[in-house]
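In what follows, a structure is listed as structure tokens, so that the remarks can point back to it.
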Amino acid sequence: MKNWPLWEVFIRSKNGLSHKHVGSLHATDSEMAMENARDVYTRRMEGVSIWVVESKHITASNPEESGELFEPAQDKVYRHPTFYNLPNELKHI
Amino acid sequence: MRINLEEQFQAKIDAEVKIEPKDWMPEKYRKTLIRQISQHAHSEIVGMLPEGNWITRAPNLRRKVALLAKVQDEAGHGLYLYSAAETLGADRDQLFRDLHSGKAKYSSIFNYPTLSWADMGAVGWLVDGAAIMNQVMLCRTSYGPYARAMVRICKEESFHQRQGYEIMLTLCNGTPEQKAMAQDALNRWWWPSLMMFGPTDAESTHSEQAMKWKIKRKTNDELRQQFIDVTVEQAEFLGLTIPDPDLKWNEERGHYDFGAIDWEEFWRVVKGGGTMNRNRIKTRTKAFEEGAWVREAANAYAEKQEQKLKSQVA
């Protein structure tokens with residue numbers, strides 16, 4: 001379908017929570033995408049806010065490169081609270 | 001060190017790690033899922049027709065709004081599933097072409113006609129009931145987007161079954177004619193509903209690989225038995241008789257024994273010999289063709305807006 005790009009839909013179910021990805025749909029422009037997202041993904045008041053983004057604007061990390069991409073964090077154990085030894089008697093720290 | 005992709009993939013499956021769209025997967029896994037998910041999507045869309053048939057003849061407003069909402073939900077379910085199929089690289093236009101040409105299948109249950117208002121009760125109770133059993137199982141399927149679509153669908157599906165059962169309850173508590181109408185609907189929809197779970201495990205060629213890849217988490221026979229065990233009580237509560245003289249509780253097995261399914265009928269209907277096969281495809285194709293002007297108008301409007309933007313910038 002010409003001029004019917006794919007859009008990804010994100011919904012915030014209630015204030016305080018983040019938008020979550022719920023699926024995708026085809027639409028000719030952002031207005032149609034928004035209305036279709038409302039019709040398909042919020043029939044039971046599942047959300048208070050909708051984001052629609054054309055799929056082509058999303059850059060996704062490549063699973064094949066996950067190793068290199070996430071490697072820097074793997075050996076930095078000192079970023080975690082459990083790395084630090086403090087006496088058990090101490091409270092609230 | 002040679003990395004065997006197939007082995008890595010199977011290890012993920014065995015460890016209950018979900019497979020997501022861009023992950024490496026065997027080509028057969030991808031093709032099997034595209035076929036299964038798109039058939040599921042087609043089933044939802046075609047499944048709107050047997051019940052759509054009765055919207056204008058619902059006996060009261062409560063029944064009408066419920067039936068309308070149910071049929072709308074089925075449209076949405078189809079859309080979730082087409083989207084899931086697209087994450088695997090399927091082309092939506094091609095999926096529609098395959099449905100209209102008869103190349104793609106949909107659940108054969110929808111090749112049966114809805115002959116009376118009581119069918120709305122039987123279909124909601126039994127057909128959605130059977131679908132729920134299958135879909136709850138699929139919430140744990142190995143492919144992420146399919147599993148997530150199933151979770152969303154299951155949440156919506158339970159109202160469908162309750163709506164149908166409520167209709168059956170009202171008819172069975174009504175006049176003798178109403179109860180007879182309900183019994184007639186049960187008589188016609190019982191065996192086709194059992195067939196929804198597909199051929200027996202012994203006859204099911206793809207089952208083993210589908211279980212190994214955790215596309216399927218339970219076998220056809222397991223689901224069919226589960227459905228029968230759960231539904232018999234519901235029929236008893238209605239005061240209706242299930243049209244199976246061999247239906248009997250087996251204390252030893254802890255399940256109901258049931259009669260032989262007519263597999264000749266199953267294959268006859270799957271292969272095009274059901275009452276409504278041609279009608280369903282004709283209706284879908286007509287809707288698609290007659291709706292072309294809407295798609296073309298939306299297209300033309302989008303292009304016009306793009307041109308407008310371009311000339312403003314220039």
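Starting from 1 in every chain, residues are counted up; chains themselves are A, B, ... following the order of the structure tokens, and ligands are numbered from 1 as listed.
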
- Message: Could you tell me which residues of chain A sit within 10 Å of chain B when counting only C-alpha atoms, and give me the result as number ranges by chain?
- Response: A: 1-4, 6, 8, 22-29, 32, 39-41, 43-44, 60-64

Output N, CA and C atoms for every residue in that selection, as an mmCIF file, in the first residue's frame.
```
data_model
loop_
_atom_site.group_PDB
_atom_site.id
_atom_site.type_symbol
_atom_site.label_atom_id
_atom_site.label_comp_id
_atom_site.auth_asym_id
_atom_site.auth_seq_id
_atom_site.Cartn_x
_atom_site.Cartn_y
_atom_site.Cartn_z
ATOM 1 N N MET A 1 0.857 -1.189 0.000
ATOM 2 C CA MET A 1 0.000 0.000 0.000
ATOM 3 C C MET A 1 0.889 1.234 0.000
ATOM 4 N N LYS A 2 0.832 1.949 -1.110
ATOM 5 C CA LYS A 2 1.642 3.152 -1.253
ATOM 6 C C LYS A 2 1.176 4.197 -0.251
ATOM 7 N N ASN A 3 2.123 4.982 0.282
ATOM 8 C CA ASN A 3 1.763 6.055 1.209
ATOM 9 C C ASN A 3 1.067 5.572 2.478
ATOM 10 N N TRP A 4 1.211 4.326 2.840
ATOM 11 C CA TRP A 4 0.635 3.827 4.072
ATOM 12 C C TRP A 4 1.751 3.280 4.952
ATOM 13 N N LEU A 6 4.230 2.314 8.126
ATOM 14 C CA LEU A 6 3.978 1.636 9.393
ATOM 15 C C LEU A 6 4.286 2.592 10.535
ATOM 16 N N GLU A 8 4.487 2.870 14.927
ATOM 17 C CA GLU A 8 4.505 2.147 16.204
ATOM 18 C C GLU A 8 3.677 2.949 17.199
ATOM 19 N N VAL A 22 2.696 -0.951 22.351
ATOM 20 C CA VAL A 22 1.586 -1.906 22.323
ATOM 21 C C VAL A 22 1.399 -2.572 20.964
ATOM 22 N N GLY A 23 2.025 -2.052 19.919
ATOM 23 C CA GLY A 23 1.857 -2.673 18.599
ATOM 24 C C GLY A 23 2.051 -1.657 17.495
ATOM 25 N N SER A 24 1.587 -2.018 16.313
ATOM 26 C CA SER A 24 1.799 -1.145 15.164
ATOM 27 C C SER A 24 0.546 -1.067 14.305
ATOM 28 N N LEU A 25 0.526 -0.128 13.356
ATOM 29 C CA LEU A 25 -0.581 -0.014 12.412
ATOM 30 C C LEU A 25 -0.119 0.774 11.193
ATOM 31 N N HIS A 26 -0.893 0.702 10.130
ATOM 32 C CA HIS A 26 -0.594 1.468 8.921
ATOM 33 C C HIS A 26 -1.518 2.667 8.848
ATOM 34 N N ALA A 27 -0.994 3.821 8.442
ATOM 35 C CA ALA A 27 -1.830 5.020 8.270
ATOM 36 C C ALA A 27 -1.113 5.956 7.312
ATOM 37 N N THR A 28 -1.897 6.855 6.676
ATOM 38 C CA THR A 28 -1.288 7.759 5.692
ATOM 39 C C THR A 28 -0.643 8.965 6.359
ATOM 40 N N ASP A 29 -1.166 9.398 7.499
ATOM 41 C CA ASP A 29 -0.552 10.541 8.180
ATOM 42 C C ASP A 29 -0.754 10.411 9.688
ATOM 43 N N MET A 32 -4.451 10.252 11.099
ATOM 44 C CA MET A 32 -5.089 8.943 10.910
ATOM 45 C C MET A 32 -4.461 7.918 11.850
ATOM 46 N N ASP A 39 -8.717 3.810 18.187
ATOM 47 C CA ASP A 39 -9.738 2.803 17.901
ATOM 48 C C ASP A 39 -9.281 1.388 18.205
ATOM 49 N N VAL A 40 -8.033 1.086 17.880
ATOM 50 C CA VAL A 40 -7.578 -0.298 18.025
ATOM 51 C C VAL A 40 -7.028 -0.589 19.418
ATOM 52 N N TYR A 41 -6.340 0.374 20.014
ATOM 53 C CA TYR A 41 -5.618 0.070 21.252
ATOM 54 C C TYR A 41 -6.187 0.660 22.530
ATOM 55 N N ARG A 43 -9.824 0.658 23.387
ATOM 56 C CA ARG A 43 -11.270 0.423 23.419
ATOM 57 C C ARG A 43 -11.804 0.270 24.835
ATOM 58 N N ARG A 44 -10.919 -0.047 25.757
ATOM 59 C CA ARG A 44 -11.377 -0.244 27.140
ATOM 60 C C ARG A 44 -10.644 0.709 28.064
ATOM 61 N N ALA A 60 16.815 0.858 16.076
ATOM 62 C CA ALA A 60 16.870 -0.239 17.043
ATOM 63 C C ALA A 60 18.272 -0.805 17.098
ATOM 64 N N SER A 61 18.685 -1.231 18.278
ATOM 65 C CA SER A 61 20.002 -1.869 18.392
ATOM 66 C C SER A 61 19.940 -3.232 17.714
ATOM 67 N N ASN A 62 21.047 -3.639 17.150
ATOM 68 C CA ASN A 62 21.127 -4.893 16.414
ATOM 69 C C ASN A 62 21.432 -6.037 17.381
ATOM 70 N N PRO A 63 20.539 -7.026 17.473
ATOM 71 C CA PRO A 63 20.777 -8.126 18.423
ATOM 72 C C PRO A 63 22.117 -8.817 18.196
ATOM 73 N N GLU A 64 22.559 -8.862 16.937
ATOM 74 C CA GLU A 64 23.846 -9.507 16.650
ATOM 75 C C GLU A 64 25.012 -8.750 17.257
#
```

- May I have the residues within 8 Å of Leu126 (chain B) as a PyMOL selection string, using only C-alpha atoms and disregarding those fewer than 2 positions away in the same chain? chain B and resi 122-124+128-130+161+189-190+193

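Ranking A:Leu69, A:Val53, A:Met34, A:Ile58 by their shortest atom-to-atom distance to Trp7 (chain A), with only C-alpha atoms included, puts A:Val53 first.
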
- Message: Taking only C-alpha atoms into account, name the residue in B:Ile215, B:Leu169, B:Ala11, B:Leu186 that is nearest to Gln36 (chain B).
- Response: B:Ile215

- Rank A:Asn36, A:Asn85, A:Ser55, A:Thr42 by their smallest atom-to-atom distance to Pro5 (chain A), using only C-alpha atoms, and report the top residue only.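 Using only C-alpha atoms, the shortest distance to Pro5 (chain A) belongs to A:Ser55.
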
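Going from CA of Val151 (chain B) to CA of Cys139 (chain B) covers 5.6 Å.
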
- Query: So how many Å separate CA of Gly164 (chain B) and CA of Phe288 (chain B), to one decimal?
  - Reply: 28.7 Å

- Considering only C-alpha atoms, return as number ranges by chain whatever protein or nucleic-acid residues lie within 8 Å of Arg12 (chain A), sequence-local ones (same chain, fewer than 4 positions apart) excluded. A: 17-20, 47-50

- Would you kindly return, as number ranges by chain, each protein, DNA or RNA residue with an atom no farther than 9 Å from any atom of Arg30 (chain B), considering only C-alpha atoms and excluding same-chain residues fewer than 4 positions away? B: 25-26, 34-35, 88-89

Given the selection you just returned, output its residues as a file containing N, CA and C atoms, formatted as a tab-separated table (two decimals), in the first residue's frame.
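Okay, selection12.tsv is ready:
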```tsv
chain	number	residue	atom	x	y	z
B	25	MET	N	16.61	-16.39	13.50
B	25	MET	CA	15.71	-17.55	13.67
B	25	MET	C	15.79	-18.44	12.44
B	26	PRO	N	15.58	-19.75	12.60
B	26	PRO	CA	15.57	-20.61	11.41
B	26	PRO	C	14.50	-20.14	10.44
B	34	ILE	N	4.67	-17.07	10.27
B	34	ILE	CA	3.94	-16.18	9.36
B	34	ILE	C	2.65	-16.86	8.93
B	35	ARG	N	2.75	-18.17	8.61
B	35	ARG	CA	1.57	-18.90	8.17
B	35	ARG	C	0.54	-18.97	9.31
B	88	LEU	N	7.59	-10.16	11.21
B	88	LEU	CA	8.40	-11.27	10.68
B	88	LEU	C	8.73	-11.06	9.22
B	89	GLY	N	8.31	-9.93	8.66
B	89	GLY	CA	8.62	-9.63	7.27
B	89	GLY	C	7.49	-9.90	6.29
```

- Secondary structure check, strand (DSSP E or B) residues of chain A, as an NGL selection string: :A and (6-12 or 19-26 or 49-54)

Residues as selected, C-alpha atoms, written as a PDB file, in the first residue's frame, can you do that?
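The file below, part_21.pdb, is the result:
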```
ATOM      1  CA  LEU A   6       3.978   1.636   9.393  1.00  0.00           C
ATOM      2  CA  TRP A   7       3.605   3.406  12.722  1.00  0.00           C
ATOM      3  CA  GLU A   8       4.505   2.147  16.204  1.00  0.00           C
ATOM      4  CA  VAL A   9       2.026   2.888  18.979  1.00  0.00           C
ATOM      5  CA  PHE A  10       2.903   3.692  22.594  1.00  0.00           C
ATOM      6  CA  ILE A  11       0.328   4.130  25.353  1.00  0.00           C
ATOM      7  CA  ARG A  12       0.621   5.610  28.840  1.00  0.00           C
ATOM      8  CA  HIS A  19       4.430   5.010  27.614  1.00  0.00           C
ATOM      9  CA  LYS A  20       4.611   1.340  26.673  1.00  0.00           C
ATOM     10  CA  HIS A  21       4.836  -0.121  23.164  1.00  0.00           C
ATOM     11  CA  VAL A  22       1.586  -1.906  22.323  1.00  0.00           C
ATOM     12  CA  GLY A  23       1.857  -2.673  18.599  1.00  0.00           C
ATOM     13  CA  SER A  24       1.799  -1.145  15.164  1.00  0.00           C
ATOM     14  CA  LEU A  25      -0.581  -0.014  12.412  1.00  0.00           C
ATOM     15  CA  HIS A  26      -0.594   1.468   8.921  1.00  0.00           C
ATOM     16  CA  SER A  49      -1.960   9.293  26.389  1.00  0.00           C
ATOM     17  CA  ILE A  50      -0.974   7.940  22.953  1.00  0.00           C
ATOM     18  CA  TRP A  51       2.267   8.410  21.019  1.00  0.00           C
ATOM     19  CA  VAL A  52       2.464   7.348  17.381  1.00  0.00           C
ATOM     20  CA  VAL A  53       5.842   7.272  15.668  1.00  0.00           C
ATOM     21  CA  GLU A  54       6.586   6.279  12.101  1.00  0.00           C
TER      22      GLU A  54
END
```

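Residues surrounding Thr241 (chain B) within 12 Å are Cys172, Lys179, Ala180, Ala182, Gln183, Asp184, Ala185, Leu186, Asn187, Trp190, Thr231, Val232, Glu233, Gln234, Ala235 and Leu247 of chain B [only C-alpha atoms; sequence separation below 6 positions excluded].
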
- DSSP on the backbone: what in region 65-271 of chain B comes out alpha helix (DSSP H), as a PyMOL selection string? chain B and resi 65-86+92-101+118-122+128-138+144-172+176-195+207-212+220-238+263-268

- Separation of CA of His42 (chain B) and CA of Met168 (chain B), in Å?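 Going from CA of His42 (chain B) over to CA of Met168 (chain B) covers 27.2 Å.
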